[in-house]
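To be precise, the following lines are data.pdb, and they hold PDB, N, CA and C atoms.
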```pdb
MODEL        1
ATOM      1  N   MET J   1      -5.816  -7.250 -31.241
ATOM      2  CA  MET J   1      -7.063  -6.941 -30.561
ATOM      3  C   MET J   1      -6.914  -5.624 -29.822
ATOM      4  N   GLU J   2      -7.869  -4.723 -30.042
ATOM      5  CA  GLU J   2      -7.813  -3.424 -29.395
ATOM      6  C   GLU J   2      -8.500  -3.466 -28.043
ATOM      7  N   TYR J   3      -7.908  -2.748 -27.113
ATOM      8  CA  TYR J   3      -8.499  -2.632 -25.782
ATOM      9  C   TYR J   3      -9.175  -1.281 -25.653
ATOM     10  N   SER J   4     -10.314  -1.270 -25.008
ATOM     11  CA  SER J   4     -10.958   0.003 -24.737
ATOM     12  C   SER J   4     -10.262   0.651 -23.547
ATOM     13  N   ASN J   5     -10.559   1.915 -23.327
ATOM     14  CA  ASN J   5      -9.966   2.618 -22.186
ATOM     15  C   ASN J   5     -10.320   1.938 -20.872
ATOM     16  N   GLN J   6     -11.529   1.452 -20.778
ATOM     17  CA  GLN J   6     -11.974   0.799 -19.549
ATOM     18  C   GLN J   6     -11.191  -0.502 -19.310
ATOM     19  N   GLU J   7     -10.966  -1.259 -20.365
ATOM     20  CA  GLU J   7     -10.197  -2.500 -20.237
ATOM     21  C   GLU J   7      -8.745  -2.210 -19.895
ATOM     22  N   GLU J   8      -8.186  -1.148 -20.471
ATOM     23  CA  GLU J   8      -6.818  -0.756 -20.157
ATOM     24  C   GLU J   8      -6.706  -0.346 -18.690
ATOM     25  N   GLU J   9      -7.693   0.373 -18.214
ATOM     26  CA  GLU J   9      -7.699   0.798 -16.812
ATOM     27  C   GLU J   9      -7.790  -0.414 -15.884
ATOM     28  N   ARG J  10      -8.636  -1.371 -16.224
ATOM     29  CA  ARG J  10      -8.748  -2.591 -15.411
ATOM     30  C   ARG J  10      -7.440  -3.363 -15.406
ATOM     31  N   TYR J  11      -6.803  -3.450 -16.569
ATOM     32  CA  TYR J  11      -5.513  -4.131 -16.662
ATOM     33  C   TYR J  11      -4.469  -3.417 -15.815
ATOM     34  N   TYR J  12      -4.427  -2.090 -15.895
ATOM     35  CA  TYR J  12      -3.467  -1.311 -15.114
ATOM     36  C   TYR J  12      -3.684  -1.538 -13.621
ATOM     37  N   ARG J  13      -4.944  -1.501 -13.169
ATOM     38  CA  ARG J  13      -5.230  -1.715 -11.742
ATOM     39  C   ARG J  13      -4.846  -3.123 -11.306
ATOM     40  N   ALA J  14      -5.136  -4.117 -12.147
ATOM     41  CA  ALA J  14      -4.778  -5.499 -11.803
ATOM     42  C   ALA J  14      -3.266  -5.658 -11.741
ATOM     43  N   ARG J  15      -2.566  -5.075 -12.684
ATOM     44  CA  ARG J  15      -1.103  -5.150 -12.682
ATOM     45  C   ARG J  15      -0.523  -4.476 -11.451
ATOM     46  N   LYS J  16      -1.069  -3.315 -11.094
ATOM     47  CA  LYS J  16      -0.618  -2.588  -9.897
ATOM     48  C   LYS J  16      -0.860  -3.420  -8.648
ATOM     49  N   LYS J  17      -2.005  -4.076  -8.574
ATOM     50  CA  LYS J  17      -2.330  -4.917  -7.419
ATOM     51  C   LYS J  17      -1.343  -6.075  -7.300
ATOM     52  N   VAL J  18      -1.010  -6.700  -8.423
ATOM     53  CA  VAL J  18      -0.047  -7.803  -8.418
ATOM     54  C   VAL J  18       1.325  -7.298  -7.967
ATOM     55  N   GLU J  19       1.740  -6.134  -8.439
ATOM     56  CA  GLU J  19       3.021  -5.564  -8.008
ATOM     57  C   GLU J  19       3.016  -5.263  -6.515
ATOM     58  N   ASP J  20       1.895  -4.758  -5.991
ATOM     59  CA  ASP J  20       1.784  -4.481  -4.558
ATOM     60  C   ASP J  20       1.883  -5.760  -3.736
ATOM     61  N   ILE J  21       1.216  -6.812  -4.186
ATOM     62  CA  ILE J  21       1.257  -8.099  -3.476
ATOM     63  C   ILE J  21       2.670  -8.663  -3.515
ATOM     64  N   LYS J  22       3.316  -8.565  -4.664
ATOM     65  CA  LYS J  22       4.691  -9.049  -4.810
ATOM     66  C   LYS J  22       5.619  -8.277  -3.863
ATOM     67  N   GLY J  23       5.430  -6.976  -3.768
ATOM     68  CA  GLY J  23       6.224  -6.155  -2.854
ATOM     69  C   GLY J  23       6.004  -6.544  -1.404
ATOM     70  N   PHE J  24       4.755  -6.848  -1.057
ATOM     71  CA  PHE J  24       4.463  -7.267   0.315
ATOM     72  C   PHE J  24       5.183  -8.573   0.636
ATOM     73  N   TYR J  25       5.109  -9.548  -0.257
ATOM     74  CA  TYR J  25       5.769 -10.829   0.012
ATOM     75  C   TYR J  25       7.291 -10.686   0.077
ATOM     76  N   GLY J  26       7.845  -9.761  -0.688
ATOM     77  CA  GLY J  26       9.267  -9.468  -0.568
ATOM     78  C   GLY J  26       9.600  -8.895   0.803
ATOM     79  N   ASN J  27       8.760  -7.980   1.271
ATOM     80  CA  ASN J  27       8.924  -7.397   2.605
ATOM     81  C   ASN J  27       8.793  -8.470   3.683
ATOM     82  N   LEU J  28       7.808  -9.332   3.548
ATOM     83  CA  LEU J  28       7.589 -10.403   4.522
ATOM     84  C   LEU J  28       8.767 -11.380   4.552
ATOM     85  N   THR J  29       9.282 -11.712   3.379
ATOM     86  CA  THR J  29      10.433 -12.614   3.308
ATOM     87  C   THR J  29      11.648 -11.992   3.996
ATOM     88  N   SER J  30      11.905 -10.727   3.719
ATOM     89  CA  SER J  30      13.013 -10.024   4.372
ATOM     90  C   SER J  30      12.822 -10.006   5.881
ATOM     91  N   TYR J  31      11.588  -9.759   6.318
ATOM     92  CA  TYR J  31      11.267  -9.716   7.744
ATOM     93  C   TYR J  31      11.621 -11.039   8.421
ATOM     94  N   VAL J  32      11.206 -12.137   7.810
ATOM     95  CA  VAL J  32      11.455 -13.458   8.399
ATOM     96  C   VAL J  32      12.951 -13.781   8.401
ATOM     97  N   VAL J  33      13.630 -13.547   7.288
ATOM     98  CA  VAL J  33      15.056 -13.888   7.181
ATOM     99  C   VAL J  33      15.899 -13.037   8.136
ATOM    100  N   VAL J  34      15.709 -11.730   8.106
ATOM    101  CA  VAL J  34      16.524 -10.844   8.937
ATOM    102  C   VAL J  34      16.258 -11.086  10.417
ATOM    103  N   ASN J  35      14.988 -11.221  10.791
ATOM    104  CA  ASN J  35      14.689 -11.412  12.205
ATOM    105  C   ASN J  35      15.111 -12.795  12.700
ATOM    106  N   SER J  36      15.118 -13.784  11.840
ATOM    107  CA  SER J  36      15.671 -15.091  12.221
ATOM    108  C   SER J  36      17.166 -14.961  12.493
ATOM    109  N   GLY J  37      17.849 -14.219  11.635
ATOM    110  CA  GLY J  37      19.275 -13.972  11.841
ATOM    111  C   GLY J  37      19.539 -13.206  13.129
ATOM    112  N   LEU J  38      18.705 -12.208  13.399
ATOM    113  CA  LEU J  38      18.867 -11.443  14.643
ATOM    114  C   LEU J  38      18.625 -12.323  15.866
ATOM    115  N   PHE J  39      17.652 -13.218  15.776
ATOM    116  CA  PHE J  39      17.391 -14.130  16.884
ATOM    117  C   PHE J  39      18.603 -15.025  17.143
ATOM    118  N   ILE J  40      19.154 -15.601  16.081
ATOM    119  CA  ILE J  40      20.321 -16.472  16.215
ATOM    120  C   ILE J  40      21.507 -15.679  16.768
ATOM    121  N   LEU J  41      21.717 -14.470  16.244
ATOM    122  CA  LEU J  41      22.795 -13.620  16.728
ATOM    123  C   LEU J  41      22.617 -13.300  18.206
ATOM    124  N   ASN J  42      21.407 -13.001  18.621
ATOM    125  CA  ASN J  42      21.121 -12.692  20.015
ATOM    126  C   ASN J  42      21.390 -13.882  20.926
ATOM    127  N   VAL J  43      20.950 -15.048  20.517
ATOM    128  CA  VAL J  43      21.130 -16.247  21.339
ATOM    129  C   VAL J  43      22.620 -16.595  21.459
ATOM    130  N   ILE J  44      23.386 -16.407  20.388
ATOM    131  CA  ILE J  44      24.814 -16.734  20.414
ATOM    132  C   ILE J  44      25.605 -15.712  21.238
ATOM    133  N   THR J  45      25.341 -14.432  21.026
ATOM    134  CA  THR J  45      26.173 -13.396  21.655
ATOM    135  C   THR J  45      25.774 -13.071  23.085
ATOM    136  N   SER J  46      24.491 -13.040  23.379
ATOM    137  CA  SER J  46      24.067 -12.705  24.745
ATOM    138  C   SER J  46      22.810 -13.497  25.108
ATOM    139  N   PRO J  47      22.998 -14.778  25.444
ATOM    140  CA  PRO J  47      21.842 -15.637  25.699
ATOM    141  C   PRO J  47      21.021 -15.235  26.925
ATOM    142  N   GLY J  48      21.600 -14.516  27.845
ATOM    143  CA  GLY J  48      20.864 -14.129  29.043
ATOM    144  C   GLY J  48      20.039 -12.869  28.865
ATOM    145  N   HIS J  49      20.307 -12.103  27.832
ATOM    146  CA  HIS J  49      19.620 -10.822  27.602
ATOM    147  C   HIS J  49      19.023 -10.832  26.198
ATOM    148  N   TYR J  50      17.715 -10.898  26.123
ATOM    149  CA  TYR J  50      17.048 -10.969  24.819
ATOM    150  C   TYR J  50      16.646  -9.578  24.351
ATOM    151  N   TRP J  51      17.157  -9.193  23.198
ATOM    152  CA  TRP J  51      16.829  -7.902  22.598
ATOM    153  C   TRP J  51      16.233  -8.052  21.201
ATOM    154  N   PHE J  52      16.250  -9.264  20.653
ATOM    155  CA  PHE J  52      15.815  -9.473  19.264
ATOM    156  C   PHE J  52      14.357  -9.105  19.039
ATOM    157  N   TYR J  53      13.561  -9.138  20.096
ATOM    158  CA  TYR J  53      12.126  -8.887  19.920
ATOM    159  C   TYR J  53      11.814  -7.424  19.622
ATOM    160  N   TRP J  54      12.716  -6.491  19.927
ATOM    161  CA  TRP J  54      12.441  -5.081  19.626
ATOM    162  C   TRP J  54      12.392  -4.827  18.123
ATOM    163  N   PRO J  55      13.413  -5.241  17.359
ATOM    164  CA  PRO J  55      13.274  -5.061  15.903
ATOM    165  C   PRO J  55      12.158  -5.933  15.321
ATOM    166  N   LEU J  56      11.932  -7.107  15.925
ATOM    167  CA  LEU J  56      10.856  -7.983  15.488
ATOM    168  C   LEU J  56       9.509  -7.265  15.630
ATOM    169  N   LEU J  57       9.310  -6.609  16.754
ATOM    170  CA  LEU J  57       8.063  -5.879  17.015
ATOM    171  C   LEU J  57       7.922  -4.660  16.108
ATOM    172  N   GLY J  58       8.986  -3.856  16.043
ATOM    173  CA  GLY J  58       8.918  -2.635  15.233
ATOM    174  C   GLY J  58       8.660  -2.911  13.770
ATOM    175  N   TRP J  59       9.437  -3.808  13.198
ATOM    176  CA  TRP J  59       9.275  -4.144  11.786
ATOM    177  C   TRP J  59       7.963  -4.891  11.576
ATOM    178  N   GLY J  60       7.559  -5.681  12.562
ATOM    179  CA  GLY J  60       6.297  -6.420  12.473
ATOM    180  C   GLY J  60       5.096  -5.498  12.340
ATOM    181  N   ILE J  61       5.143  -4.374  13.057
ATOM    182  CA  ILE J  61       4.060  -3.388  12.932
ATOM    183  C   ILE J  61       4.013  -2.849  11.505
ATOM    184  N   GLY J  62       5.188  -2.570  10.943
ATOM    185  CA  GLY J  62       5.244  -2.104   9.552
ATOM    186  C   GLY J  62       4.710  -3.135   8.575
ATOM    187  N   VAL J  63       5.066  -4.399   8.787
ATOM    188  CA  VAL J  63       4.572  -5.476   7.922
ATOM    189  C   VAL J  63       3.049  -5.597   8.046
ATOM    190  N   LEU J  64       2.548  -5.444   9.255
ATOM    191  CA  LEU J  64       1.095  -5.515   9.472
ATOM    192  C   LEU J  64       0.364  -4.408   8.711
ATOM    193  N   PHE J  65       0.871  -3.186   8.809
ATOM    194  CA  PHE J  65       0.249  -2.079   8.069
ATOM    195  C   PHE J  65       0.368  -2.281   6.559
ATOM    196  N   HIS J  66       1.499  -2.821   6.123
ATOM    197  CA  HIS J  66       1.682  -3.108   4.702
ATOM    198  C   HIS J  66       0.641  -4.124   4.236
ATOM    199  N   ALA J  67       0.421  -5.168   5.026
ATOM    200  CA  ALA J  67      -0.582  -6.183   4.684
ATOM    201  C   ALA J  67      -1.977  -5.575   4.637
ATOM    202  N   CYS J  68      -2.288  -4.718   5.606
ATOM    203  CA  CYS J  68      -3.612  -4.075   5.627
ATOM    204  C   CYS J  68      -3.842  -3.252   4.377
ATOM    205  N   LYS J  69      -2.810  -2.552   3.925
ATOM    206  CA  LYS J  69      -2.951  -1.727   2.731
ATOM    207  C   LYS J  69      -3.073  -2.585   1.470
ATOM    208  N   VAL J  70      -2.203  -3.581   1.344
ATOM    209  CA  VAL J  70      -2.176  -4.393   0.120
ATOM    210  C   VAL J  70      -3.436  -5.241  -0.027
ATOM    211  N   PHE J  71      -3.889  -5.836   1.061
ATOM    212  CA  PHE J  71      -5.024  -6.753   0.993
ATOM    213  C   PHE J  71      -6.349  -6.104   1.400
ATOM    214  N   ASP J  72      -6.354  -4.778   1.518
ATOM    215  CA  ASP J  72      -7.560  -4.012   1.866
ATOM    216  C   ASP J  72      -8.254  -4.550   3.113
ATOM    217  N   LEU J  73      -7.472  -4.865   4.139
ATOM    218  CA  LEU J  73      -8.047  -5.382   5.377
ATOM    219  C   LEU J  73      -8.736  -4.282   6.163
ATOM    220  N   ILE J  74      -8.196  -3.091   6.107
ATOM    221  CA  ILE J  74      -8.829  -1.920   6.714
ATOM    222  C   ILE J  74      -9.024  -0.928   5.581
ATOM    223  N   SER J  75     -10.257  -0.732   5.183
ATOM    224  CA  SER J  75     -10.522   0.012   3.946
ATOM    225  C   SER J  75     -10.716   1.509   4.157
ATOM    226  N   VAL J  76     -10.168   2.063   5.231
ATOM    227  CA  VAL J  76     -10.299   3.501   5.442
ATOM    228  C   VAL J  76      -9.643   4.267   4.300
ATOM    229  N   PHE J  77      -8.447   3.865   3.917
ATOM    230  CA  PHE J  77      -7.743   4.521   2.826
ATOM    231  C   PHE J  77      -7.518   3.556   1.672
ATOM    232  N   GLY J  78      -8.479   2.719   1.398
ATOM    233  CA  GLY J  78      -8.361   1.737   0.333
ATOM    234  C   GLY J  78      -8.619   2.331  -1.031
ATOM    235  N   TYR J  79      -8.795   1.462  -1.998
ATOM    236  CA  TYR J  79      -8.971   1.875  -3.385
ATOM    237  C   TYR J  79     -10.229   2.733  -3.556
ATOM    238  N   ASP J  80     -11.318   2.360  -2.887
ATOM    239  CA  ASP J  80     -12.554   3.135  -3.011
ATOM    240  C   ASP J  80     -12.355   4.564  -2.539
ATOM    241  N   TRP J  81     -11.626   4.719  -1.447
ATOM    242  CA  TRP J  81     -11.353   6.052  -0.924
ATOM    243  C   TRP J  81     -10.554   6.853  -1.940
ATOM    244  N   GLU J  82      -9.539   6.228  -2.539
ATOM    245  CA  GLU J  82      -8.717   6.907  -3.539
ATOM    246  C   GLU J  82      -9.577   7.354  -4.721
ATOM    247  N   GLU J  83     -10.428   6.458  -5.190
ATOM    248  CA  GLU J  83     -11.288   6.796  -6.328
ATOM    249  C   GLU J  83     -12.229   7.947  -5.985
ATOM    250  N   ARG J  84     -12.816   7.919  -4.795
ATOM    251  CA  ARG J  84     -13.711   9.010  -4.380
ATOM    252  C   ARG J  84     -12.970  10.338  -4.332
ATOM    253  N   LYS J  85     -11.753  10.336  -3.784
ATOM    254  CA  LYS J  85     -10.975  11.568  -3.686
ATOM    255  C   LYS J  85     -10.580  12.082  -5.066
ATOM    256  N   ILE J  86     -10.195  11.197  -5.954
ATOM    257  CA  ILE J  86      -9.832  11.606  -7.311
ATOM    258  C   ILE J  86     -11.025  12.259  -7.989
ATOM    259  N   LYS J  87     -12.190  11.625  -7.881
ATOM    260  CA  LYS J  87     -13.398  12.195  -8.488
ATOM    261  C   LYS J  87     -13.745  13.545  -7.859
ATOM    262  N   GLU J  88     -13.581  13.645  -6.536
ATOM    263  CA  GLU J  88     -13.867  14.895  -5.837
ATOM    264  C   GLU J  88     -12.964  16.015  -6.347
ATOM    265  N   PHE J  89     -11.666  15.750  -6.469
ATOM    266  CA  PHE J  89     -10.737  16.771  -6.952
ATOM    267  C   PHE J  89     -11.003  17.128  -8.411
ATOM    268  N   MET J  90     -11.346  16.139  -9.210
ATOM    269  CA  MET J  90     -11.653  16.417 -10.616
ATOM    270  C   MET J  90     -12.909  17.276 -10.729
ATOM    271  N   GLU J  91     -13.909  16.985  -9.902
ATOM    272  CA  GLU J  91     -15.145  17.768  -9.913
ATOM    273  C   GLU J  91     -14.872  19.216  -9.487
ATOM    274  N   LYS J  92     -14.049  19.392  -8.459
ATOM    275  CA  LYS J  92     -13.694  20.752  -8.024
ATOM    276  C   LYS J  92     -12.979  21.502  -9.135
ATOM    277  N   GLU J  93     -12.073  20.825  -9.813
ATOM    278  CA  GLU J  93     -11.342  21.449 -10.907
ATOM    279  C   GLU J  93     -12.296  21.859 -12.029
ATOM    280  N   ASN J  94     -13.255  20.991 -12.351
ATOM    281  CA  ASN J  94     -14.244  21.324 -13.376
ATOM    282  C   ASN J  94     -15.075  22.528 -12.967
ATOM    283  N   GLN J  95     -15.481  22.569 -11.707
ATOM    284  CA  GLN J  95     -16.264  23.708 -11.217
ATOM    285  C   GLN J  95     -15.456  24.992 -11.279
ATOM    286  N   ASN J  96     -14.181  24.929 -10.911
ATOM    287  CA  ASN J  96     -13.315  26.115 -10.973
ATOM    288  C   ASN J  96     -13.139  26.593 -12.403
ATOM    289  N   GLN J  97     -12.991  25.662 -13.344
ATOM    290  CA  GLN J  97     -12.838  26.040 -14.747
ATOM    291  C   GLN J  97     -14.112  26.681 -15.280
ATOM    292  N   LYS J  98     -15.268  26.119 -14.914
ATOM    293  CA  LYS J  98     -16.540  26.687 -15.364
ATOM    294  C   LYS J  98     -16.734  28.083 -14.777
ATOM    295  N   ARG J  99     -16.385  28.249 -13.507
ATOM    296  CA  ARG J  99     -16.531  29.533 -12.847
ATOM    297  C   ARG J  99     -15.600  30.566 -13.501
ATOM    298  N   ASP J 100     -14.381  30.169 -13.844
ATOM    299  CA  ASP J 100     -13.426  31.074 -14.469
ATOM    300  C   ASP J 100     -13.863  31.464 -15.875
ATOM    301  N   GLN J 101     -14.575  30.587 -16.575
ATOM    302  CA  GLN J 101     -15.069  30.909 -17.916
ATOM    303  C   GLN J 101     -16.100  32.038 -17.863
ATOM    304  N   TRP J 102     -16.931  32.053 -16.847
ATOM    305  CA  TRP J 102     -18.006  33.025 -16.749
ATOM    306  C   TRP J 102     -17.530  34.354 -16.179
ATOM    307  N   GLN J 103     -16.358  34.397 -15.639
ATOM    308  CA  GLN J 103     -15.878  35.671 -15.058
ATOM    309  C   GLN J 103     -15.146  36.507 -16.052
TER     310      GLN J 103
ENDMDL
END
```

Spell out the structure here as structure tokens.
Amino acid sequence: MEYSNQEEERYYRARKKVEDIKGFYGNLTSYVVVNSGLFILNVITSPGHYWFYWPLLGWGIGVLFHACKVFDLISVFGYDWEERKIKEFMEKENQNQKRDQWQ
């Protein structure tokens, strides 16, 4: 069965989305495992002074931004924005080529 260009593009975007989601869950799993280990290490080595929350907070901010990007929670730089920018650059390139032809 032959796929049209449009179907291939949809498949590529869906595959990319699945890879992005898989990457996010890998990041989240690492976050939970490593920070659990840091918590245990902190409690064992210096129970009176808690420092584990600093890496928890820092990495947590990164995980939050990763989730926003993957799941389009904040669509400022989402897929629609990317598509608009690509079309804008392609249109500029076409205009430059047309202008260069007439000169």

Legend entry - Selection dump of the PyMOL selection byres ((chain J and resi 14-26) around 8), as a list in words: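 For this structure, the PyMOL selection byres ((chain J and resi 14-26) around 8) captures Glu8, Glu9, Arg10, Tyr11, Tyr12, Arg13, Asn27, Leu28, Thr29, Ser30, Tyr31, Val32, Val63, His66, Ala67, Lys69, Val70 and Phe71 of chain J.
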
Legend entry - Shortest interatomic distance to Leu56 (chain J) - which of J:Asn35, J:Asp72, J:Val43, J:Trp81, counting all atoms listed in the file: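 Ranking J:Asn35, J:Asp72, J:Val43, J:Trp81 by distance to Leu56 (chain J), first place goes to J:Asn35.
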
Legend entry - Secondary structure check, helix (DSSP H, G or I) residues of chain J, as a ChimeraX atom specification: /J:5-45,53-70,75-77,79-102

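Here CA of Pro55 (chain J) stands at a distance of 8.6 Å from CA of Leu38 (chain J).
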